[in-house]
$ cat query01.csv   # CSV, C-alpha atoms and all ligand atoms
chain,number,residue,atom,x,y,z
A,1,MET,CA,-40.7,42.4,-2.8
A,2,THR,CA,-38.9,41.4,0.3
A,3,ASP,CA,-40.0,38.3,2.2
A,4,ALA,CA,-42.1,39.8,5.0
A,5,ASN,CA,-41.9,36.7,7.3
A,6,PRO,CA,-39.0,34.2,6.9
A,7,LEU,CA,-40.6,32.1,9.6
A,8,GLU,CA,-43.8,31.8,7.6
A,9,PRO,CA,-46.4,30.4,8.6
A,10,TYR,CA,-45.6,31.5,12.2
A,11,ASP,CA,-46.8,34.7,13.8
A,12,ALA,CA,-44.6,34.3,16.9
A,13,VAL,CA,-41.9,32.3,18.6
A,14,LEU,CA,-42.8,31.2,22.2
A,15,LEU,CA,-40.1,30.5,24.8
A,16,ALA,CA,-41.7,28.0,27.2
A,17,SER,CA,-39.9,27.3,30.4
A,18,PHE,CA,-40.3,25.8,33.9
A,19,GLY,CA,-40.6,29.0,35.9
A,20,GLY,CA,-39.4,29.8,39.4
A,21,PRO,CA,-40.2,32.1,42.4
A,22,GLU,CA,-38.8,35.6,42.4
A,23,LYS,CA,-39.8,36.5,46.0
A,24,PRO,CA,-40.0,34.6,49.2
A,25,ASP,CA,-43.8,34.6,49.2
A,26,GLU,CA,-43.9,33.0,45.8
A,27,ILE,CA,-41.9,29.9,46.9
A,28,MET,CA,-44.8,27.8,48.4
A,29,PRO,CA,-47.4,28.6,45.7
A,30,PHE,CA,-44.7,27.7,43.1
A,31,LEU,CA,-43.8,24.4,44.9
A,32,ARG,CA,-47.4,23.4,45.2
A,33,ARG,CA,-48.0,24.0,41.5
A,34,VAL,CA,-44.9,21.9,40.6
A,35,THR,CA,-45.8,19.0,42.8
A,36,ALA,CA,-49.6,18.9,42.5
A,37,GLY,CA,-50.6,15.3,42.4
A,38,ARG,CA,-47.0,14.1,42.1
A,39,GLY,CA,-46.7,12.4,45.5
A,40,ILE,CA,-43.7,14.4,46.7
A,41,PRO,CA,-43.3,14.0,50.5
A,42,ASP,CA,-43.8,17.2,52.7
A,43,GLU,CA,-40.3,16.9,54.1
A,44,ARG,CA,-38.8,17.1,50.6
A,45,LEU,CA,-41.0,20.2,49.9
A,46,ALA,CA,-39.8,21.9,53.1
A,47,GLU,CA,-36.2,21.1,52.2
A,48,VAL,CA,-36.5,22.6,48.7
A,49,ALA,CA,-38.3,25.7,50.0
A,50,HIS,CA,-35.3,26.1,52.3
A,51,HIS,CA,-32.9,26.0,49.3
A,52,TYR,CA,-34.9,28.9,47.7
A,53,GLU,CA,-35.0,30.8,51.0
A,54,GLU,CA,-31.2,30.5,51.5
A,55,LEU,CA,-30.8,32.2,48.1
A,56,GLY,CA,-33.1,35.1,49.1
A,57,GLY,CA,-36.3,33.6,47.7
A,58,ARG,CA,-35.4,34.3,44.1
A,59,SER,CA,-34.7,31.6,41.6
A,60,PRO,CA,-32.3,32.8,38.9
A,61,ILE,CA,-34.3,31.0,36.1
A,62,ASN,CA,-36.5,33.8,35.0
A,63,ASP,CA,-33.6,36.3,34.7
A,64,GLN,CA,-31.8,33.6,32.7
A,65,ASN,CA,-34.8,33.3,30.4
A,66,ARG,CA,-34.9,37.1,30.0
A,67,ALA,CA,-31.3,36.9,28.9
A,68,LEU,CA,-32.0,34.0,26.5
A,69,ILE,CA,-34.8,36.0,24.9
A,70,ALA,CA,-32.5,39.0,24.4
A,71,ALA,CA,-29.9,36.7,22.8
A,72,LEU,CA,-32.6,35.0,20.6
A,73,ARG,CA,-33.9,38.4,19.6
A,74,ALA,CA,-30.4,39.6,18.6
A,75,GLU,CA,-29.9,36.5,16.5
A,76,LEU,CA,-33.3,36.8,14.8
A,77,ASP,CA,-32.5,40.5,14.0
A,78,ARG,CA,-29.2,39.5,12.6
A,79,ARG,CA,-31.1,37.2,10.2
A,80,ASP,CA,-33.6,40.0,9.4
A,81,ILE,CA,-36.4,38.1,11.0
A,82,THR,CA,-38.8,40.4,12.8
A,83,THR,CA,-41.1,37.8,14.2
A,84,PRO,CA,-41.9,38.6,17.9
A,85,ILE,CA,-40.7,36.4,20.8
A,86,LEU,CA,-43.2,35.6,23.5
A,87,TRP,CA,-42.4,34.0,26.9
A,88,GLY,CA,-44.5,31.8,29.1
A,89,ASN,CA,-43.8,29.5,32.1
A,90,ARG,CA,-45.4,26.3,33.3
A,91,ASN,CA,-45.1,27.1,37.0
A,92,SER,CA,-44.7,30.8,37.6
A,93,GLU,CA,-45.5,34.2,36.0
A,94,PRO,CA,-45.7,34.9,33.2
A,95,PHE,CA,-47.9,31.8,32.8
A,96,LEU,CA,-48.3,30.2,29.4
A,97,THR,CA,-52.1,30.8,29.5
A,98,ASP,CA,-51.7,34.6,30.1
A,99,THR,CA,-49.0,34.9,27.4
A,100,LEU,CA,-51.2,33.1,24.9
A,101,ARG,CA,-54.3,35.2,25.8
A,102,ASP,CA,-52.3,38.4,25.1
A,103,ALA,CA,-51.0,36.9,21.9
A,104,HIS,CA,-54.5,36.1,20.7
A,105,GLY,CA,-55.5,39.7,21.4
A,106,GLU,CA,-52.6,40.7,19.1
A,107,GLY,CA,-54.0,38.5,16.4
A,108,MET,CA,-51.4,35.8,16.7
A,109,ARG,CA,-52.5,32.2,16.0
A,110,ARG,CA,-49.7,30.1,14.6
A,111,ILE,CA,-46.9,29.8,17.1
A,112,VAL,CA,-43.6,27.9,17.2
A,113,THR,CA,-42.5,26.9,20.7
A,114,VAL,CA,-38.9,26.6,22.0
A,115,THR,CA,-38.7,24.9,25.4
A,116,THR,CA,-35.8,25.2,27.8
A,117,SER,CA,-35.6,21.5,28.0
A,118,ALA,CA,-33.4,19.4,25.7
A,119,TYR,CA,-34.1,15.7,26.2
A,120,ALA,CA,-36.8,13.1,25.8
A,121,SER,CA,-38.9,12.1,28.9
A,122,TYR,CA,-42.3,12.9,30.3
A,123,SER,CA,-40.9,15.7,32.5
A,124,SER,CA,-38.8,17.3,29.9
A,125,CYS,CA,-41.1,17.0,26.9
A,126,ARG,CA,-44.7,15.7,27.2
A,127,GLN,CA,-45.4,17.7,30.3
A,128,TYR,CA,-44.7,20.9,28.4
A,129,ARG,CA,-47.0,19.7,25.6
A,130,GLU,CA,-49.7,18.9,28.1
A,131,ASP,CA,-49.4,22.4,29.7
A,132,LEU,CA,-49.6,24.0,26.2
A,133,ALA,CA,-52.8,21.9,25.6
A,134,ALA,CA,-54.3,23.0,28.9
A,135,ALA,CA,-53.6,26.7,28.2
A,136,VAL,CA,-55.2,26.4,24.7
A,137,ASN,CA,-58.2,24.6,26.2
A,138,THR,CA,-58.7,27.3,28.9
A,139,LEU,CA,-58.6,30.0,26.2
A,140,GLU,CA,-61.0,28.1,24.0
A,141,ASP,CA,-63.4,28.1,26.9
A,142,GLU,CA,-63.0,31.9,26.9
A,143,GLY,CA,-63.9,32.0,23.2
A,144,LEU,CA,-60.3,32.6,22.1
A,145,THR,CA,-60.0,29.9,19.4
A,146,GLY,CA,-57.9,29.2,16.3
A,147,PHE,CA,-54.5,28.5,17.8
A,148,GLU,CA,-52.1,26.2,16.0
A,149,ILE,CA,-49.1,25.6,18.2
A,150,ASP,CA,-46.0,23.7,17.1
A,151,LYS,CA,-42.7,23.0,18.8
A,152,ILE,CA,-39.1,22.6,17.7
A,153,ARG,CA,-37.7,19.1,18.1
A,154,GLN,CA,-36.0,18.3,21.4
A,155,PHE,CA,-32.4,19.5,20.9
A,156,ALA,CA,-30.3,17.1,23.0
A,157,THR,CA,-29.1,15.7,19.7
A,158,HIS,CA,-28.7,19.0,17.8
A,159,PRO,CA,-25.0,19.5,16.9
A,160,SER,CA,-25.0,23.1,18.3
A,161,PHE,CA,-26.1,22.1,21.8
A,162,ALA,CA,-23.5,19.2,21.7
A,163,ARG,CA,-20.7,21.3,20.3
A,164,ALA,CA,-21.3,24.1,22.8
A,165,ASN,CA,-21.1,21.6,25.6
A,166,VAL,CA,-17.9,20.0,24.1
A,167,ARG,CA,-16.2,23.4,24.1
A,168,LEU,CA,-17.3,24.3,27.6
A,169,VAL,CA,-16.1,21.0,29.0
A,170,THR,CA,-12.8,21.1,27.1
A,171,ASP,CA,-12.1,24.6,28.4
A,172,ALA,CA,-12.8,23.6,32.0
A,173,LEU,CA,-10.4,20.6,31.6
A,174,ARG,CA,-7.6,22.9,30.5
A,175,GLU,CA,-7.4,24.1,34.1
A,176,PHE,CA,-6.2,20.6,35.1
A,177,ALA,CA,-3.6,20.3,32.4
A,178,GLY,CA,-0.8,19.4,34.8
A,179,VAL,CA,-2.8,16.7,36.8
A,180,PRO,CA,-2.2,13.1,35.8
A,181,ASP,CA,-5.0,11.5,33.8
A,182,ALA,CA,-5.8,8.9,36.5
A,183,GLN,CA,-6.4,11.6,39.1
A,184,VAL,CA,-8.9,13.6,36.9
A,185,GLN,CA,-12.6,12.6,36.3
A,186,VAL,CA,-15.3,14.2,34.3
A,187,VAL,CA,-18.7,14.0,36.0
A,188,PHE,CA,-21.7,14.5,33.7
A,189,VAL,CA,-24.8,15.5,35.6
A,190,THR,CA,-28.5,15.6,34.9
A,191,HIS,CA,-31.8,15.7,36.8
A,192,SER,CA,-32.7,12.3,38.2
A,193,ILE,CA,-36.1,11.0,37.3
A,194,PRO,CA,-38.1,8.0,38.4
A,195,LEU,CA,-37.0,4.7,36.8
A,196,GLY,CA,-40.5,4.2,35.4
A,197,MET,CA,-40.3,7.6,33.7
A,198,ASP,CA,-36.9,6.7,32.1
A,199,ASP,CA,-38.0,3.2,31.1
A,200,THR,CA,-40.9,4.7,29.1
A,201,SER,CA,-39.0,7.7,27.6
A,202,GLY,CA,-38.8,8.0,23.9
A,203,PRO,CA,-41.2,7.0,21.0
A,204,GLY,CA,-43.7,4.3,22.1
A,205,ASP,CA,-42.3,1.8,19.6
A,206,GLY,CA,-38.7,2.2,20.8
A,207,ASP,CA,-36.9,0.5,23.6
A,208,GLY,CA,-37.5,3.3,26.2
A,209,ASN,CA,-34.7,4.7,28.3
A,210,LEU,CA,-34.1,7.5,25.8
A,211,TYR,CA,-33.6,10.1,28.5
A,212,TRP,CA,-30.7,8.1,29.9
A,213,GLN,CA,-29.4,7.1,26.5
A,214,GLN,CA,-29.3,10.7,25.1
A,215,HIS,CA,-27.3,11.9,28.1
A,216,ASP,CA,-25.1,8.8,28.0
A,217,GLU,CA,-24.3,9.4,24.3
A,218,LEU,CA,-23.7,13.1,24.7
A,219,GLY,CA,-21.4,12.5,27.7
A,220,ALA,CA,-19.4,9.9,25.7
A,221,ALA,CA,-19.2,12.2,22.6
A,222,ILE,CA,-18.0,15.2,24.8
A,223,LEU,CA,-15.4,13.1,26.5
A,224,SER,CA,-14.0,11.7,23.3
A,225,GLU,CA,-13.8,15.1,21.6
A,226,ALA,CA,-12.2,16.7,24.7
A,227,ASN,CA,-9.7,13.9,24.9
A,228,ALA,CA,-8.8,14.2,21.3
A,229,THR,CA,-8.4,18.0,21.5
A,230,LEU,CA,-6.3,17.8,24.7
A,231,SER,CA,-4.4,14.6,23.8
A,232,ARG,CA,-5.5,13.0,27.1
A,233,ASP,CA,-7.2,9.7,28.1
A,234,LEU,CA,-9.6,10.9,30.7
A,235,GLU,CA,-12.6,9.0,32.0
A,236,GLY,CA,-16.0,10.1,33.0
A,237,ALA,CA,-19.4,8.9,34.1
A,238,LEU,CA,-23.1,10.1,34.0
A,239,VAL,CA,-24.6,10.7,37.4
A,240,TYR,CA,-27.7,12.5,38.8
A,241,CYS,CA,-28.9,15.3,41.1
A,242,SER,CA,-32.1,16.6,42.5
A,243,ARG,CA,-33.7,13.3,43.4
A,244,SER,CA,-37.2,13.9,44.7
A,245,GLY,CA,-40.2,11.6,45.3
A,246,PRO,CA,-40.9,9.1,48.1
A,247,PRO,CA,-37.9,6.9,49.2
A,248,SER,CA,-39.9,3.8,48.1
A,249,GLN,CA,-39.8,4.9,44.5
A,250,PRO,CA,-36.6,4.1,42.6
A,251,TRP,CA,-35.0,7.0,40.7
A,252,LEU,CA,-32.0,7.1,38.4
A,253,GLU,CA,-28.7,6.7,40.3
A,254,PRO,CA,-25.9,7.2,41.3
A,255,ASP,CA,-26.4,10.6,43.0
A,256,ILE,CA,-23.5,12.9,42.4
A,257,ASN,CA,-22.5,13.1,46.1
A,258,ASP,CA,-22.2,9.3,46.3
A,259,HIS,CA,-20.2,9.2,43.1
A,260,LEU,CA,-17.8,11.8,44.5
A,261,GLU,CA,-17.2,9.6,47.5
A,262,HIS,CA,-16.5,6.7,45.2
A,263,LEU,CA,-14.0,8.7,43.1
A,264,ALA,CA,-12.2,10.0,46.2
A,265,GLU,CA,-11.8,6.4,47.4
A,266,ARG,CA,-10.3,5.5,44.0
A,267,GLY,CA,-7.6,8.2,44.4
A,268,VAL,CA,-9.1,10.8,42.1
A,269,THR,CA,-8.2,14.3,43.2
A,270,HIS,CA,-9.7,16.6,40.5
A,271,VAL,CA,-13.3,16.6,39.1
A,272,VAL,CA,-14.9,18.6,36.3
A,273,VAL,CA,-18.6,18.6,36.9
A,274,ALA,CA,-20.6,19.2,33.6
A,275,PRO,CA,-24.3,19.7,34.1
A,276,ILE,CA,-25.3,18.7,30.5
A,277,GLY,CA,-28.9,18.0,31.6
A,278,PHE,CA,-29.6,21.7,32.1
A,279,VAL,CA,-29.6,24.7,29.8
A,280,SER,CA,-29.0,27.5,32.4
A,281,ASP,CA,-27.5,27.8,35.9
A,282,HIS,CA,-30.8,27.6,37.7
A,283,MET,CA,-31.5,26.2,41.2
A,284,GLU,CA,-30.6,22.6,40.5
A,285,VAL,CA,-27.2,23.9,39.4
A,286,ILE,CA,-26.5,26.6,41.9
A,287,TYR,CA,-27.9,24.7,44.9
A,288,ASP,CA,-27.5,21.0,44.2
A,289,LEU,CA,-24.1,21.3,42.4
A,290,ASP,CA,-22.5,24.6,43.5
A,291,THR,CA,-23.6,24.3,47.1
A,292,GLU,CA,-24.2,20.7,48.0
A,293,ALA,CA,-21.9,18.8,45.7
A,294,ALA,CA,-19.2,21.5,46.2
A,295,GLU,CA,-19.4,20.9,50.0
A,296,THR,CA,-19.1,17.1,49.5
A,297,ALA,CA,-16.1,17.7,47.2
A,298,GLU,CA,-14.4,19.9,49.8
A,299,ARG,CA,-15.0,17.5,52.6
A,300,LEU,CA,-13.4,14.8,50.5
A,301,GLY,CA,-10.4,17.0,49.5
A,302,LEU,CA,-11.4,17.0,45.8
A,303,VAL,CA,-10.7,20.0,43.6
A,304,MET,CA,-14.0,20.6,41.8
A,305,ARG,CA,-14.6,22.8,38.7
A,306,ARG,CA,-18.2,23.2,37.6
A,307,VAL,CA,-18.7,23.7,33.9
A,308,PRO,CA,-21.1,26.5,32.9
A,309,THR,CA,-24.4,25.5,31.3
A,310,VAL,CA,-24.9,26.6,27.7
A,311,GLY,CA,-27.0,29.6,28.9
A,312,THR,CA,-26.8,32.3,26.2
A,313,ASP,CA,-23.7,30.8,24.5
A,314,ASP,CA,-23.7,32.0,20.8
A,315,GLU,CA,-23.3,28.6,19.3
A,316,PHE,CA,-26.2,27.3,21.3
A,317,VAL,CA,-28.5,30.3,20.6
A,318,HIS,CA,-27.7,30.1,16.8
A,319,GLY,CA,-28.7,26.4,17.0
A,320,LEU,CA,-32.0,27.3,18.6
A,321,VAL,CA,-32.7,29.8,15.8
A,322,ASP,CA,-31.7,27.2,13.2
A,323,LEU,CA,-34.2,24.8,14.8
A,324,VAL,CA,-36.9,27.5,14.6
A,325,GLU,CA,-36.1,28.0,10.9
A,326,GLU,CA,-36.1,24.2,10.4
A,327,ARG,CA,-39.5,23.9,12.0
A,328,ALA,CA,-40.9,26.7,9.9
A,329,ALA,CA,-39.6,24.9,6.8
A,330,GLU,CA,-41.3,21.7,7.9
A,331,ALA,CA,-44.6,23.5,8.5
A,332,ARG,CA,-44.3,24.8,4.9
A,333,ASP,CA,-44.0,21.1,3.8
A,334,GLU,CA,-40.4,21.6,2.7
A,335,SER,CA,-37.9,18.9,3.7
A,336,PRO,CA,-35.2,20.7,5.6
A,337,GLU,CA,-32.0,18.9,6.6
A,338,CYS,CA,-32.3,17.9,10.2
A,339,PRO,CA,-28.7,17.7,11.5
A,340,ALA,CA,-28.1,15.5,14.5
A,341,TRP,CA,-25.0,14.7,16.6
A,342,PRO,CA,-24.6,12.5,18.6
A,343,GLY,CA,-27.4,10.1,17.9
A,344,GLU,CA,-30.6,10.7,15.9
A,345,ALA,CA,-32.8,13.8,15.4
A,346,MET,CA,-36.0,13.6,17.5
A,347,PRO,CA,-39.1,14.3,15.5
A,348,SER,CA,-40.7,17.7,16.0
A,349,ILE,CA,-44.1,16.0,16.1
A,350,CYS,CA,-44.1,13.4,18.8
A,351,ALA,CA,-45.3,9.9,18.1
A,352,PRO,CA,-48.5,8.7,19.8
A,353,GLY,CA,-47.7,7.5,23.3
A,354,CYS,CA,-44.2,9.0,23.2
A,355,CYS,CA,-42.9,9.7,26.8
A,356,PRO,CA,-46.3,8.8,28.3
A,357,ASN,CA,-47.9,10.4,31.4
A,358,LEU,CA,-47.9,7.3,33.7
A,359,ARG,CA,-50.5,8.9,36.1
A,360,ALA,CA,-53.3,10.1,33.8
A,361,ALA,CA,-53.7,10.4,30.1
A,362,LYS,CA,-54.1,14.1,29.2
A,363,PRO,CA,-54.4,16.0,26.0
A,364,ALA,CA,-51.0,17.2,24.6
A,365,LEU,CA,-50.2,19.4,21.6
A,366,CYS,CA,-47.3,19.0,19.1
A,367,GLY,CA,-47.9,15.2,18.7
A,368,ARG,CA,-49.9,12.8,16.7
A,369,ASP,CA,-51.9,11.6,19.7
B,401,LIG,C1,-36.2,16.2,33.9
B,401,LIG,C2,-36.4,17.5,34.8
B,401,LIG,C3,-36.0,18.7,34.5
B,401,LIG,C4,-35.1,19.2,33.3
B,401,LIG,C5,-36.0,19.6,32.2
B,401,LIG,C6,-36.7,20.9,32.4
B,401,LIG,O1,-36.0,21.9,32.6
B,401,LIG,O2,-38.0,21.0,32.4
B,401,LIG,C7,-36.4,19.6,35.6
B,401,LIG,C8,-36.1,21.0,35.6
B,401,LIG,C9,-36.5,21.8,36.7
B,401,LIG,N1,-37.0,21.5,37.9
B,401,LIG,C10,-37.2,22.6,38.7
B,401,LIG,C11,-37.8,22.6,39.9
B,401,LIG,C12,-38.4,21.6,40.6
B,401,LIG,N2,-38.5,20.3,40.1
B,401,LIG,C13,-39.2,19.5,41.0
B,401,LIG,C14,-39.6,18.2,40.9
B,401,LIG,C15,-39.3,17.3,39.8
B,401,LIG,N3,-38.5,17.6,38.7
B,401,LIG,C16,-38.5,16.5,37.9
B,401,LIG,C17,-37.8,16.4,36.6
B,401,LIG,C18,-37.1,17.5,36.0
B,401,LIG,N4,-37.1,18.8,36.5
B,401,LIG,C19,-39.2,15.5,38.5
B,401,LIG,C20,-39.5,14.1,37.9
B,401,LIG,C21,-39.7,16.0,39.7
B,401,LIG,C22,-40.6,15.3,40.7
B,401,LIG,C23,-42.0,15.7,40.5
B,401,LIG,C24,-42.7,15.3,39.2
B,401,LIG,O3,-42.8,14.1,39.0
B,401,LIG,O4,-42.9,16.3,38.4
B,401,LIG,C25,-39.6,20.3,42.1
B,401,LIG,C26,-40.4,19.9,43.3
B,401,LIG,C27,-39.5,19.8,44.5
B,401,LIG,C28,-38.5,18.7,44.4
B,401,LIG,O5,-38.8,17.6,44.8
B,401,LIG,O6,-37.4,19.0,44.0
B,401,LIG,C29,-39.0,21.6,41.9
B,401,LIG,C30,-39.1,22.8,42.7
B,401,LIG,C31,-36.7,23.7,37.9
B,401,LIG,C32,-36.7,25.2,38.4
B,401,LIG,C33,-35.4,25.6,38.9
B,401,LIG,C34,-35.3,27.0,39.5
B,401,LIG,O7,-36.3,27.4,40.2
B,401,LIG,O8,-34.3,27.6,39.2
B,401,LIG,C35,-36.3,23.2,36.7
B,401,LIG,C36,-35.7,24.0,35.6
B,402,FE,FE,-37.4,19.4,38.5
$ encode --input "query01.csv" --output "structure tokens"
Amino acid sequence: MTDANPLEPYDAVLLASFGGPEKPDEIMPFLRRVTAGRGIPDERLAEVAHHYEELGGRSPINDQNRALIAALRAELDRRDITTPILWGNRNSEPFLTDTLRDAHGEGMRRIVTVTTSAYASYSSCRQYREDLAAAVNTLEDEGLTGFEIDKIRQFATHPSFARANVRLVTDALREFAGVPDAQVQVVFVTHSIPLGMDDTSGPGDGDGNLYWQQHDELGAAILSEANATLSRDLEGALVYCSRSGPPSQPWLEPDINDHLEHLAERGVTHVVVAPIGFVSDHMEVIYDLDTEAAETAERLGLVMRRVPTVGTDDEFVHGLVDLVEERAAEARDESPECPAWPGEAMPSICAPGCCPNLRAAKPALCGRD
């Protein structure tokens, strides 16, 4: 007899993502959903709406997720795994609730979730868990009960994500082979978050700042591997993009544009910008980096190369499927190896109070609270 379901006990894999508008008239409803109750000033909303308008009202993120699903499907097929892949977003169609309603109709109950978000923090982890809980609650109210939803561990410290980023950054640096070390800088970029959110990121019993720490460790690991491969002695720094929120609220700094100014003053002429905080070239990347930061670099006379995000890179996709298999083994009470580099493996079941919601306590799945 062949093993009918190597992902036992799961009936389906769910790709859960942020979502984005696909037409101009979806922009404002999307932005209102994202910022509901988050205290984002109207001027900032108008500005972000304008970024989407400039790019035709269509965010690339949904198409990127369609491509990721196709790549995950191909890798599952290669491993003779026939388990279906579902897709649901937090902030745009297809919404998580609708996807799970359909799944229930198909008889699916046990689901393993892959989010398109790698790191610890409320925005990148617990908020997904809360939205899954809200979807399941809505469906319970409709009489659709019996879901058991799990999630793979956050993959910022999974070797495949790290290795894929090492390779992409190393390849970009080859283009600056003839430029003296002191004139080249690697700029690792991620989404800024409020300092309070970073301070409380990670397991409740830890020191916090795990969002910052995971990025900092990955950037350092990438730099040392790239330097070793290329026999160079290049420097780099972790900086931020996409700051939002009221000016009175402190967020992680420096902003990439300020950092580029500082580098130009120091005599740097070539920068490699590596958006390690993101998994696809969505709006934060194509607007905040390829449009805004690229303009800043040009004004300063800096030559800038933007490194691709992992996207549908084979090594990254294989790693996600490894993580799904790892989670299934855990669910079967086996003790799979949980490889981690750099740093430690995150638990696939979050600790109570991990990456707390600082505004309101809400139910969240995939954790012990
Ligand atoms: C950590 C993090 C990630 C990475 C993890 C993950 O991927 O989840 C991320 C991803 C994304 N963020 C996105 C879009 C937006 N984020 C906003 C606002 C905010 N993001 C925050 C954090 C993060 N965001 C925070 C703390 C806020 C302030 C409001 C709040 O406290 O929640 C706003 C409101 C307007 C603004 O102020 O910018 C928009 C439109 C898109 C879609 C892009 C596309 O359409 O291609 C993606 C992938
Ligand atoms: Fe965001």
$ atom_distance --input "query01.csv" --atom1 "CA of Glu235 in chain A" --atom2 "CA of Glu261 in chain A"
16.2 Å
$ residues_near_ligand --input "query01.csv" --ligand "ligand FE 402 (chain B)" --cutoff "9 Å" --atoms "all atoms listed in the file" --output "PyMOL selection string"
chain A and resi 18+34+123-124+191-193+242-244+284
$ residues_around --input "query01.csv" --residues "Asp233 in chain A" --least-positions-apart "4" --cutoff "10 Å" --atoms "all atoms listed in the file" --output "PyMOL selection string"
chain A and resi 180-182+184+223-224+226-228
$ residues_around --input "query01.csv" --residues "Leu210 in chain A" --least-positions-apart "6" --cutoff "10 Å" --atoms "only C-alpha atoms" --output "list in words"
Tyr119, Ala120, Ser121, Asp198, Asp199, Thr200, Ser201, Gly202, Pro203, Asp216 and Cys355 of chain A
$ closest_residue --input "query01.csv" --among "A:Lys23, A:Arg32, A:Arg79, A:His215" --to "ligand LIG 401 (chain B)" --atoms "all atoms listed in the file"
A:Arg32
$ atom_distance --input "query01.csv" --atom1 "CA of Met108 in chain A" --atom2 "CA of Asp141 in chain A"
17.5 Å
$ closest_residue --input "query01.csv" --among "A:Cys241, A:Ala360, A:Leu68, A:Leu320" --to "Ser280 in chain A" --atoms "all atoms listed in the file"
A:Leu68
$ residues_around --input "query01.csv" --residues "Ser59 in chain A" --least-positions-apart "5" --cutoff "7 Å" --atoms "all atoms listed in the file" --output "short mmCIF file (atom, residue, chain, number, x, y, z; two decimals) with C-alpha atoms, in the coordinates of the input"
data_model
loop_
_atom_site.label_atom_id
_atom_site.label_comp_id
_atom_site.auth_asym_id
_atom_site.auth_seq_id
_atom_site.Cartn_x
_atom_site.Cartn_y
_atom_site.Cartn_z
CA GLY A 20 -39.40 29.80 39.40
CA PRO A 21 -40.20 32.10 42.40
CA GLU A 22 -38.80 35.60 42.40
CA TYR A 52 -34.90 28.90 47.70
CA HIS A 282 -30.80 27.60 37.70
CA MET A 283 -31.50 26.20 41.20
#
$ atom_distance --input "query01.csv" --atom1 "CA of Ala36 in chain A" --atom2 "CA of Arg90 in chain A"
12.5 Å
$ residues_near_point --input "query01.csv" --point "(-40.0, 21.2, 6.7)" --cutoff "12 Å" --atoms "all atoms listed in the file" --output "mmCIF file with C-alpha atoms, in the coordinates of the input"
data_model
loop_
_atom_site.group_PDB
_atom_site.id
_atom_site.type_symbol
_atom_site.label_atom_id
_atom_site.label_comp_id
_atom_site.auth_asym_id
_atom_site.auth_seq_id
_atom_site.Cartn_x
_atom_site.Cartn_y
_atom_site.Cartn_z
ATOM 1 C CA LEU A 7 -40.600 32.100 9.600
ATOM 2 C CA GLU A 8 -43.800 31.800 7.600
ATOM 3 C CA PRO A 9 -46.400 30.400 8.600
ATOM 4 C CA ILE A 152 -39.100 22.600 17.700
ATOM 5 C CA ARG A 153 -37.700 19.100 18.100
ATOM 6 C CA LEU A 323 -34.200 24.800 14.800
ATOM 7 C CA VAL A 324 -36.900 27.500 14.600
ATOM 8 C CA GLU A 325 -36.100 28.000 10.900
ATOM 9 C CA GLU A 326 -36.100 24.200 10.400
ATOM 10 C CA ARG A 327 -39.500 23.900 12.000
ATOM 11 C CA ALA A 328 -40.900 26.700 9.900
ATOM 12 C CA ALA A 329 -39.600 24.900 6.800
ATOM 13 C CA GLU A 330 -41.300 21.700 7.900
ATOM 14 C CA ALA A 331 -44.600 23.500 8.500
ATOM 15 C CA ARG A 332 -44.300 24.800 4.900
ATOM 16 C CA ASP A 333 -44.000 21.100 3.800
ATOM 17 C CA GLU A 334 -40.400 21.600 2.700
ATOM 18 C CA SER A 335 -37.900 18.900 3.700
ATOM 19 C CA PRO A 336 -35.200 20.700 5.600
ATOM 20 C CA GLU A 337 -32.000 18.900 6.600
ATOM 21 C CA CYS A 338 -32.300 17.900 10.200
ATOM 22 C CA PRO A 347 -39.100 14.300 15.500
ATOM 23 C CA SER A 348 -40.700 17.700 16.000
ATOM 24 C CA ILE A 349 -44.100 16.000 16.100
#
$ residues_around --input "query01.csv" --residues "Gly311 in chain A" --least-positions-apart "6" --cutoff "12 Å" --atoms "all atoms listed in the file" --output "CSV table (one decimal) with C-alpha atoms, in the coordinates of the input"
chain,number,residue,atom,x,y,z
A,60,PRO,CA,-32.3,32.8,38.9
A,61,ILE,CA,-34.3,31.0,36.1
A,63,ASP,CA,-33.6,36.3,34.7
A,64,GLN,CA,-31.8,33.6,32.7
A,65,ASN,CA,-34.8,33.3,30.4
A,66,ARG,CA,-34.9,37.1,30.0
A,67,ALA,CA,-31.3,36.9,28.9
A,68,LEU,CA,-32.0,34.0,26.5
A,69,ILE,CA,-34.8,36.0,24.9
A,70,ALA,CA,-32.5,39.0,24.4
A,71,ALA,CA,-29.9,36.7,22.8
A,72,LEU,CA,-32.6,35.0,20.6
A,116,THR,CA,-35.8,25.2,27.8
A,117,SER,CA,-35.6,21.5,28.0
A,161,PHE,CA,-26.1,22.1,21.8
A,164,ALA,CA,-21.3,24.1,22.8
A,165,ASN,CA,-21.1,21.6,25.6
A,168,LEU,CA,-17.3,24.3,27.6
A,275,PRO,CA,-24.3,19.7,34.1
A,276,ILE,CA,-25.3,18.7,30.5
A,278,PHE,CA,-29.6,21.7,32.1
A,279,VAL,CA,-29.6,24.7,29.8
A,280,SER,CA,-29.0,27.5,32.4
A,281,ASP,CA,-27.5,27.8,35.9
A,282,HIS,CA,-30.8,27.6,37.7
A,285,VAL,CA,-27.2,23.9,39.4
A,317,VAL,CA,-28.5,30.3,20.6
A,320,LEU,CA,-32.0,27.3,18.6
$ closest_residue --input "query01.csv" --among "A:Leu260, A:Cys350, A:Ile81, A:Met197" --to "ligand LIG 401 (chain B)" --atoms "all atoms listed in the file"
A:Met197
$ closest_residue --input "query01.csv" --among "A:Asp313, A:Pro24, A:Gly88, A:Leu100" --to "Gly57 in chain A" --atoms "all atoms listed in the file"
A:Pro24
